[in-house]
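Source file: start.pdb; contents: PDB, C-alpha atoms.
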ATOM      1  CA  MET A   1      19.230 -48.574 -52.695
ATOM      2  CA  ALA A   2      17.994 -48.690 -56.285
ATOM      3  CA  ARG A   3      18.516 -45.594 -58.353
ATOM      4  CA  PRO A   4      15.441 -43.346 -58.386
ATOM      5  CA  GLU A   5      13.946 -43.088 -61.844
ATOM      6  CA  PRO A   6      11.820 -39.880 -61.835
ATOM      7  CA  GLU A   7      13.678 -36.930 -63.320
ATOM      8  CA  HIS A   8      11.663 -34.552 -61.148
ATOM      9  CA  LEU A   9      13.646 -35.651 -58.095
ATOM     10  CA  TRP A  10      16.476 -33.416 -59.258
ATOM     11  CA  PRO A  11      16.487 -29.640 -59.794
ATOM     12  CA  ASP A  12      17.155 -28.512 -63.356
ATOM     13  CA  ARG A  13      20.361 -26.830 -62.231
ATOM     14  CA  LEU A  14      22.498 -27.119 -59.099
ATOM     15  CA  LEU A  15      25.249 -24.627 -58.262
ATOM     16  CA  PHE A  16      27.552 -25.447 -55.355
ATOM     17  CA  ILE A  17      29.408 -22.455 -53.956
ATOM     18  CA  GLY A  18      32.161 -24.301 -52.137
ATOM     19  CA  CYS A  19      32.314 -28.070 -52.008
ATOM     20  CA  GLY A  20      34.027 -29.261 -48.858
ATOM     21  CA  ASN A  21      33.304 -32.405 -46.843
ATOM     22  CA  MET A  22      29.609 -31.788 -46.216
ATOM     23  CA  ALA A  23      28.634 -30.401 -49.606
ATOM     24  CA  GLY A  24      30.754 -33.099 -51.219
ATOM     25  CA  ALA A  25      28.921 -35.785 -49.255
ATOM     26  CA  ILE A  26      25.546 -34.482 -50.450
ATOM     27  CA  LEU A  27      26.656 -34.211 -54.056
ATOM     28  CA  GLY A  28      28.365 -37.608 -54.025
ATOM     29  CA  ARG A  29      25.257 -39.381 -52.781
ATOM     30  CA  TRP A  30      22.997 -37.683 -55.318
ATOM     31  CA  LEU A  31      25.368 -38.558 -58.147
ATOM     32  CA  ASP A  32      25.396 -42.185 -56.988
ATOM     33  CA  LEU A  33      21.606 -42.193 -57.188
ATOM     34  CA  GLY A  34      21.378 -40.800 -60.688
ATOM     35  CA  LEU A  35      21.743 -37.002 -60.577
ATOM     36  CA  PRO A  36      22.915 -36.085 -64.103
ATOM     37  CA  PRO A  37      26.360 -34.434 -63.857
ATOM     38  CA  TYR A  38      25.485 -31.928 -66.597
ATOM     39  CA  ARG A  39      23.014 -30.306 -64.208
ATOM     40  CA  VAL A  40      25.743 -29.484 -61.663
ATOM     41  CA  LYS A  41      28.343 -26.751 -61.469
ATOM     42  CA  VAL A  42      30.802 -26.221 -58.627
ATOM     43  CA  VAL A  43      32.608 -23.000 -57.764
ATOM     44  CA  ARG A  44      35.644 -23.449 -55.521
ATOM     45  CA  PRO A  45      38.818 -21.327 -55.362
ATOM     46  CA  SER A  46      41.107 -24.361 -55.640
ATOM     47  CA  GLY A  47      39.492 -25.544 -58.870
ATOM     48  CA  LYS A  48      40.048 -29.087 -57.622
ATOM     49  CA  PRO A  49      37.790 -31.711 -59.307
ATOM     50  CA  VAL A  50      34.956 -33.110 -57.197
ATOM     51  CA  ALA A  51      33.607 -35.957 -59.370
ATOM     52  CA  PRO A  52      33.792 -37.175 -62.983
ATOM     53  CA  ASP A  53      32.010 -34.967 -65.524
ATOM     54  CA  ILE A  54      31.244 -32.217 -62.984
ATOM     55  CA  GLU A  55      32.132 -28.708 -64.164
ATOM     56  CA  VAL A  56      34.366 -26.950 -61.644
ATOM     57  CA  THR A  57      35.421 -23.316 -61.861
ATOM     58  CA  THR A  58      37.393 -21.070 -59.542
ATOM     59  CA  ARG A  59      34.916 -18.187 -59.738
ATOM     60  CA  LEU A  60      31.426 -17.401 -60.952
ATOM     61  CA  GLU A  61      31.547 -15.502 -64.222
ATOM     62  CA  GLU A  62      28.046 -15.792 -65.687
ATOM     63  CA  VAL A  63      24.505 -15.077 -64.576
ATOM     64  CA  VAL A  64      22.882 -18.003 -62.795
ATOM     65  CA  THR A  65      19.955 -19.562 -64.657
ATOM     66  CA  ALA A  66      16.481 -18.973 -63.213
ATOM     67  CA  GLY A  67      15.294 -21.802 -60.973
ATOM     68  CA  THR A  68      18.809 -22.887 -59.987
ATOM     69  CA  TRP A  69      19.367 -24.300 -56.525
ATOM     70  CA  VAL A  70      22.392 -22.510 -55.087
ATOM     71  CA  VAL A  71      23.991 -24.554 -52.300
ATOM     72  CA  LEU A  72      26.203 -22.449 -50.042
ATOM     73  CA  GLY A  73      28.981 -24.637 -48.679
ATOM     74  CA  VAL A  74      31.705 -22.129 -47.807
ATOM     75  CA  LYS A  75      33.031 -21.345 -44.339
ATOM     76  CA  PRO A  76      30.593 -19.168 -42.336
ATOM     77  CA  GLN A  77      33.138 -16.378 -41.898
ATOM     78  CA  GLN A  78      33.433 -16.133 -45.699
ATOM     79  CA  LEU A  79      29.744 -15.357 -46.215
ATOM     80  CA  ALA A  80      29.999 -11.586 -46.650
ATOM     81  CA  GLN A  81      32.885 -11.836 -49.114
ATOM     82  CA  VAL A  82      31.242 -14.641 -51.093
ATOM     83  CA  ALA A  83      27.918 -12.777 -51.224
ATOM     84  CA  GLN A  84      29.684  -9.739 -52.637
ATOM     85  CA  GLU A  85      31.428 -11.847 -55.273
ATOM     86  CA  ILE A  86      28.443 -13.874 -56.485
ATOM     87  CA  GLY A  87      25.633 -11.390 -55.808
ATOM     88  CA  PRO A  88      25.861  -9.693 -59.257
ATOM     89  CA  PHE A  89      25.260 -13.078 -60.921
ATOM     90  CA  LEU A  90      22.082 -13.895 -58.953
ATOM     91  CA  VAL A  91      19.710 -11.549 -60.728
ATOM     92  CA  HIS A  92      17.212 -14.276 -61.676
ATOM     93  CA  HIS A  93      16.044 -14.881 -58.108
ATOM     94  CA  PRO A  94      17.714 -18.229 -57.351
ATOM     95  CA  ARG A  95      16.697 -20.611 -54.595
ATOM     96  CA  ILE A  96      19.372 -20.618 -51.932
ATOM     97  CA  LEU A  97      20.086 -23.520 -49.625
ATOM     98  CA  SER A  98      22.654 -22.750 -46.935
ATOM     99  CA  ILE A  99      24.633 -25.363 -45.021
ATOM    100  CA  LEU A 100      26.654 -22.686 -43.225
ATOM    101  CA  ALA A 101      26.845 -23.506 -39.522
ATOM    102  CA  GLY A 102      25.528 -20.806 -37.222
ATOM    103  CA  VAL A 103      24.348 -18.408 -39.944
ATOM    104  CA  PRO A 104      20.681 -17.447 -39.407
ATOM    105  CA  ILE A 105      18.074 -16.751 -42.066
ATOM    106  CA  ALA A 106      18.151 -13.006 -41.326
ATOM    107  CA  SER A 107      21.851 -12.794 -42.213
ATOM    108  CA  LEU A 108      21.327 -14.799 -45.391
ATOM    109  CA  GLU A 109      18.411 -12.598 -46.464
ATOM    110  CA  ARG A 110      20.510  -9.471 -45.967
ATOM    111  CA  CYS A 111      23.324 -10.959 -48.048
ATOM    112  CA  PHE A 112      21.020 -12.237 -50.823
ATOM    113  CA  PRO A 113      18.044  -9.843 -51.039
ATOM    114  CA  ASP A 114      17.135 -10.992 -54.565
ATOM    115  CA  ALA A 115      16.769 -14.682 -53.725
ATOM    116  CA  ALA A 116      13.395 -16.258 -54.479
ATOM    117  CA  SER A 117      13.726 -18.400 -51.352
ATOM    118  CA  ILE A 118      16.263 -19.221 -48.678
ATOM    119  CA  VAL A 119      16.477 -22.361 -46.571
ATOM    120  CA  ARG A 120      18.858 -23.231 -43.776
ATOM    121  CA  CYS A 121      20.024 -26.812 -43.885
ATOM    122  CA  MET A 122      22.335 -28.810 -41.667
ATOM    123  CA  PRO A 123      23.085 -32.343 -42.856
ATOM    124  CA  ASN A 124      25.547 -34.697 -41.220
ATOM    125  CA  LEU A 125      28.273 -36.717 -42.898
ATOM    126  CA  PRO A 126      26.367 -40.048 -42.948
ATOM    127  CA  VAL A 127      24.255 -38.535 -45.762
ATOM    128  CA  ARG A 128      27.015 -39.855 -48.009
ATOM    129  CA  THR A 129      25.720 -43.394 -47.450
ATOM    130  CA  GLY A 130      22.037 -42.492 -47.286
ATOM    131  CA  GLN A 131      21.984 -42.892 -43.493
ATOM    132  CA  GLY A 132      22.208 -39.232 -42.557
ATOM    133  CA  VAL A 133      20.015 -36.589 -40.978
ATOM    134  CA  SER A 134      19.209 -33.282 -42.688
ATOM    135  CA  LEU A 135      17.711 -30.430 -40.653
ATOM    136  CA  PHE A 136      15.832 -27.577 -42.294
ATOM    137  CA  TYR A 137      14.429 -24.218 -41.327
ATOM    138  CA  PRO A 138      12.472 -22.312 -43.990
ATOM    139  CA  GLY A 139      12.888 -18.650 -44.743
ATOM    140  CA  ASN A 140      10.630 -16.505 -46.920
ATOM    141  CA  GLY A 141       9.442 -18.006 -50.198
ATOM    142  CA  ILE A 142       9.101 -21.590 -48.944
ATOM    143  CA  ASP A 143       5.547 -22.776 -49.525
ATOM    144  CA  ALA A 144       4.173 -26.290 -49.018
ATOM    145  CA  GLU A 145       5.053 -27.360 -52.560
ATOM    146  CA  ARG A 146       8.653 -26.177 -52.290
ATOM    147  CA  ARG A 147       8.994 -27.786 -48.889
ATOM    148  CA  ALA A 148       7.727 -31.088 -50.246
ATOM    149  CA  ALA A 149      10.191 -30.939 -53.155
ATOM    150  CA  ILE A 150      13.135 -30.354 -50.819
ATOM    151  CA  THR A 151      11.974 -33.149 -48.534
ATOM    152  CA  LYS A 152      11.691 -35.595 -51.433
ATOM    153  CA  THR A 153      15.186 -34.885 -52.747
ATOM    154  CA  PHE A 154      16.893 -34.860 -49.350
ATOM    155  CA  SER A 155      15.084 -38.007 -48.200
ATOM    156  CA  LEU A 156      17.471 -39.804 -50.551
ATOM    157  CA  LEU A 157      20.162 -38.903 -48.024
ATOM    158  CA  GLY A 158      18.350 -40.188 -44.931
ATOM    159  CA  LEU A 159      16.043 -38.655 -42.334
ATOM    160  CA  VAL A 160      14.629 -35.164 -43.015
ATOM    161  CA  GLU A 161      13.427 -32.961 -40.159
ATOM    162  CA  TRP A 162      11.903 -29.469 -40.457
ATOM    163  CA  LEU A 163      12.199 -27.138 -37.464
ATOM    164  CA  GLU A 164       9.395 -24.681 -36.814
ATOM    165  CA  GLU A 165      11.567 -22.448 -34.584
ATOM    166  CA  GLU A 166      14.926 -21.189 -35.794
ATOM    167  CA  ALA A 167      15.956 -20.759 -32.158
ATOM    168  CA  LEU A 168      16.150 -24.565 -31.950
ATOM    169  CA  PHE A 169      18.470 -24.900 -34.950
ATOM    170  CA  ASP A 170      21.675 -24.830 -32.930
ATOM    171  CA  ALA A 171      20.358 -27.427 -30.476
ATOM    172  CA  ALA A 172      19.271 -29.732 -33.291
ATOM    173  CA  THR A 173      22.602 -29.237 -35.049
ATOM    174  CA  ALA A 174      24.456 -30.121 -31.866
ATOM    175  CA  LEU A 175      22.565 -33.420 -31.765
ATOM    176  CA  SER A 176      22.594 -34.609 -35.380
ATOM    177  CA  GLY A 177      25.174 -32.413 -37.084
ATOM    178  CA  CYS A 178      27.864 -32.773 -34.416
ATOM    179  CA  GLY A 179      26.558 -36.103 -33.128
ATOM    180  CA  PRO A 180      28.518 -38.366 -35.504
ATOM    181  CA  ALA A 181      31.788 -36.968 -34.137
ATOM    182  CA  PHE A 182      30.645 -37.747 -30.605
ATOM    183  CA  VAL A 183      29.736 -41.295 -31.640
ATOM    184  CA  TYR A 184      33.150 -41.731 -33.266
ATOM    185  CA  ARG A 185      34.738 -40.682 -29.984
ATOM    186  CA  PHE A 186      32.613 -43.268 -28.149
ATOM    187  CA  ILE A 187      33.678 -46.018 -30.565
ATOM    188  CA  ASP A 188      37.312 -45.094 -30.049
ATOM    189  CA  ALA A 189      36.894 -45.025 -26.272
ATOM    190  CA  LEU A 190      35.070 -48.371 -26.264
ATOM    191  CA  GLY A 191      37.913 -49.998 -28.169
ATOM    192  CA  ALA A 192      40.541 -48.372 -25.939
ATOM    193  CA  ALA A 193      38.690 -49.623 -22.863
ATOM    194  CA  GLY A 194      38.766 -53.152 -24.266
ATOM    195  CA  ALA A 195      42.489 -52.859 -24.904
ATOM    196  CA  SER A 196      43.031 -51.695 -21.318
ATOM    197  CA  LEU A 197      41.575 -55.050 -20.191
ATOM    198  CA  GLY A 198      44.246 -56.900 -22.131
ATOM    199  CA  LEU A 199      42.722 -57.318 -25.597
ATOM    200  CA  ASP A 200      44.873 -56.690 -28.651
ATOM    201  CA  PRO A 201      44.279 -52.982 -29.448
ATOM    202  CA  ALA A 202      43.600 -53.566 -33.147
ATOM    203  CA  MET A 203      41.182 -56.372 -32.391
ATOM    204  CA  ALA A 204      39.444 -54.308 -29.689
ATOM    205  CA  ALA A 205      39.033 -51.427 -32.171
ATOM    206  CA  ARG A 206      37.447 -53.745 -34.738
ATOM    207  CA  MET A 207      35.127 -55.220 -32.131
ATOM    208  CA  ALA A 208      34.054 -51.784 -30.893
ATOM    209  CA  LEU A 209      33.280 -50.582 -34.427
ATOM    210  CA  ALA A 210      31.275 -53.688 -35.314
ATOM    211  CA  THR A 211      29.444 -53.642 -31.982
ATOM    212  CA  VAL A 212      28.315 -50.038 -32.355
ATOM    213  CA  ALA A 213      27.338 -50.579 -35.989
ATOM    214  CA  GLY A 214      25.302 -53.672 -35.135
ATOM    215  CA  ALA A 215      23.644 -52.086 -32.107
ATOM    216  CA  GLY A 216      22.725 -49.008 -34.127
ATOM    217  CA  LEU A 217      21.115 -51.066 -36.872
ATOM    218  CA  SER A 218      19.223 -53.123 -34.301
ATOM    219  CA  ALA A 219      17.855 -49.941 -32.729
ATOM    220  CA  VAL A 220      16.888 -48.473 -36.112
ATOM    221  CA  HIS A 221      14.934 -51.574 -37.113
ATOM    222  CA  SER A 222      13.262 -52.126 -33.746
ATOM    223  CA  ASP A 223       9.989 -50.651 -32.523
ATOM    224  CA  VAL A 224      11.299 -50.855 -28.954
ATOM    225  CA  ALA A 225      12.910 -47.854 -27.247
ATOM    226  CA  PRO A 226      16.709 -48.091 -26.898
ATOM    227  CA  SER A 227      16.409 -47.866 -23.112
ATOM    228  CA  ALA A 228      14.132 -50.921 -23.107
ATOM    229  CA  MET A 229      16.489 -52.753 -25.473
ATOM    230  CA  ALA A 230      19.342 -52.162 -23.040
ATOM    231  CA  ASP A 231      17.323 -53.469 -20.134
ATOM    232  CA  ALA A 232      16.225 -56.511 -22.147
ATOM    233  CA  VAL A 233      19.811 -57.772 -22.452
ATOM    234  CA  ALA A 234      20.807 -56.839 -18.894
ATOM    235  CA  SER A 235      19.943 -59.778 -16.650
ATOM    236  CA  LYS A 236      19.765 -59.056 -12.946
ATOM    237  CA  GLY A 237      23.173 -59.719 -11.419
ATOM    238  CA  GLY A 238      24.768 -60.278 -14.832
ATOM    239  CA  MET A 239      27.725 -58.707 -16.612
ATOM    240  CA  THR A 240      25.713 -56.239 -18.703
ATOM    241  CA  ARG A 241      23.739 -54.997 -15.697
ATOM    242  CA  GLU A 242      26.939 -54.459 -13.748
ATOM    243  CA  GLY A 243      28.314 -52.316 -16.571
ATOM    244  CA  LEU A 244      25.055 -50.398 -17.012
ATOM    245  CA  ASP A 245      25.047 -49.597 -13.317
ATOM    246  CA  VAL A 246      28.295 -47.703 -13.856
ATOM    247  CA  LEU A 247      26.860 -45.716 -16.793
ATOM    248  CA  ASP A 248      23.582 -45.081 -14.979
ATOM    249  CA  LYS A 249      25.036 -44.010 -11.619
ATOM    250  CA  ASP A 250      23.984 -40.412 -10.948
ATOM    251  CA  GLU A 251      22.905 -40.334 -14.628
ATOM    252  CA  ALA A 252      26.559 -39.710 -15.416
ATOM    253  CA  LEU A 253      26.271 -40.543 -19.126
ATOM    254  CA  LYS A 254      23.207 -38.334 -19.621
ATOM    255  CA  VAL A 255      24.852 -35.464 -17.797
ATOM    256  CA  LEU A 256      28.028 -35.791 -19.875
ATOM    257  CA  LEU A 257      26.100 -35.813 -23.151
ATOM    258  CA  GLU A 258      23.953 -32.870 -22.094
ATOM    259  CA  GLN A 259      27.095 -30.899 -21.331
ATOM    260  CA  THR A 260      28.545 -31.954 -24.689
ATOM    261  CA  LEU A 261      25.485 -30.878 -26.680
ATOM    262  CA  ARG A 262      25.128 -27.658 -24.712
ATOM    263  CA  ALA A 263      28.727 -26.684 -25.492
ATOM    264  CA  ALA A 264      28.194 -27.373 -29.204
ATOM    265  CA  ARG A 265      24.874 -25.496 -29.223
ATOM    266  CA  ASP A 266      26.364 -22.468 -27.481
ATOM    267  CA  ARG A 267      29.187 -22.358 -30.006
ATOM    268  CA  GLY A 268      26.558 -22.283 -32.743
ATOM    269  CA  ALA A 269      25.035 -19.208 -31.115
ATOM    270  CA  GLU A 270      28.475 -17.580 -30.997
ATOM    271  CA  LEU A 271      28.977 -18.271 -34.688
ATOM    272  CA  ALA A 272      25.605 -16.674 -35.449
ATOM    273  CA  LYS A 273      26.627 -13.498 -33.626
ATOM    274  CA  LEU A 274      29.935 -13.481 -35.486
ATOM    275  CA  ALA A 275      28.157 -13.861 -38.842
ATOM    276  CA  ALA A 276      25.732 -11.055 -37.978
ATOM    277  CA  SER A 277      28.566  -8.700 -37.030
ATOM    278  CA  LYS A 278      30.158  -9.188 -40.469
ATOM    279  CA  ASP A 279      27.000  -8.582 -42.554
TER     280      ASP A 279
END

Any chance you could put this one into structure tokens?
Amino acid sequence: MARPEPEHLWPDRLLFIGCGNMAGAILGRWLDLGLPPYRVKVVRPSGKPVAPDIEVTTRLEEVVTAGTWVVLGVKPQQLAQVAQEIGPFLVHHPRILSILAGVPIASLERCFPDAASIVRCMPNLPVRTGQGVSLFYPGNGIDAERRAAITKTFSLLGLVEWLEEEALFDAATALSGCGPAFVYRFIDALGAAGASLGLDPAMAARMALATVAGAGLSAVHSDVAPSAMADAVASKGGMTREGLDVLDKDEALKVLLEQTLRAARDRGAELAKLAASKD
């Protein structure tokens, strides 16, 4: 992807509170696409560098400039402590974007009453390569213009979806936020299954990875539903059909994935209750 030229794609100032895997993936992609490092500051207890020319500090010690996007990337259970530590420096009504799993808007608004706006966001790790999904739910202070600005900037990371009901946030997170991990498990299992049939394990792993990558790209660039694509390559009485019959029997694969997503969603609800109890 060519680097975007317009300066207005980037906020004037970005403050990352915590910069673990997910926040680091977002920041890394934006830097690759031309985000000026001087606009970014990272606060993380370790003080560990995150990228060349990015200012990193172990604690916030000065008032945050008006209009700054504050990206919360700490662990959910640290929210109350972090809010207490950085709250005195947020007097200029910053715009807060939270990627804290399971923490609802109500909890964020209680922790940051002076924020101009608060948005929940849940990206997934493929945002690092521009092939990710970013979910959003708007809190108070998010008008159409602000929503469009967020969409434009995060579209550089992949697909952007806005949820109109916060109650669906955990379900959507289970699908796209947790989904990559489930796909990685499938790739691993596909390779292991090939090895169990006698293939060299390393070769089977490479084949599984390339097969899933190629199939995914084919599905992305096709206007045909994945179910129809599967049927199109499954000739009656052939090898593919025989294998699909195993996956399709009693809808076993669908049932397994529904159980998987339900477990992840329910854990999100548990995390929300835990966050609320610590406000």

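Nearest residue to Ile99 in chain A, choosing from A:Trp162, A:Tyr137, A:Trp10, A:Phe112 and counting only C-alpha atoms: A:Tyr137.
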
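Using only C-alpha atoms for every distance, the candidate list A:Ile105, A:Ala116, A:His93, A:Phe154 yields A:Phe154 as the residue closest to Pro11 in chain A.
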
Choose the residue, out of A:Ala148, A:Leu271, A:Gln78, A:Gln259, that has the smallest atom-to-atom separation from Leu9 in chain A; count all atoms listed in the file. A:Ala148

Applied to the shown file, which residues does the PyMOL selection byres ((chain A and resi 29-38) around 6) return, written as a PyMOL selection string? chain A and resi 3+26-28+39-40+53-54+128

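Between Leu163 in chain A and the candidates A:Leu253, A:Ala181, A:Leu247, A:Met122, the tightest atom-to-atom separation, counting all atoms listed in the file, involves A:Met122.
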
Looking at A:Thr260, A:Thr57, A:Ser176, A:Thr153, which one is nearest to Asn124 in chain A, with distances taken over all atoms listed in the file? A:Ser176

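Applied to this file, the PyMOL selection byres ((chain A and resi 208-215) around 8) selects Ile187, Asp188, Leu190, Gly191, Ala204, Ala205, Arg206, Met207, Gly216, Leu217, Ser218 and Ala219 of chain A.
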
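Comparing the minimum interatomic distances between Lys273 in chain A and each of A:Val70, A:Gly177, A:Pro104, A:Val64, counting only C-alpha atoms, we find that A:Pro104 sits nearest.
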
Could you tell me, as an NGL selection string, exactly which residues end up selected when the PyMOL selection byres ((chain A and resi 264) around 9) is applied to this structure? :A and (170-171 or 173-175 or 178 or 259-263 or 265-269)

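In this model, the gap between CA of Pro226 in chain A and CA of Leu244 in chain A comes to 13.1 Å.
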
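Between CA of Gly18 in chain A and CA of Leu108 in chain A the separation is 15.9 Å.
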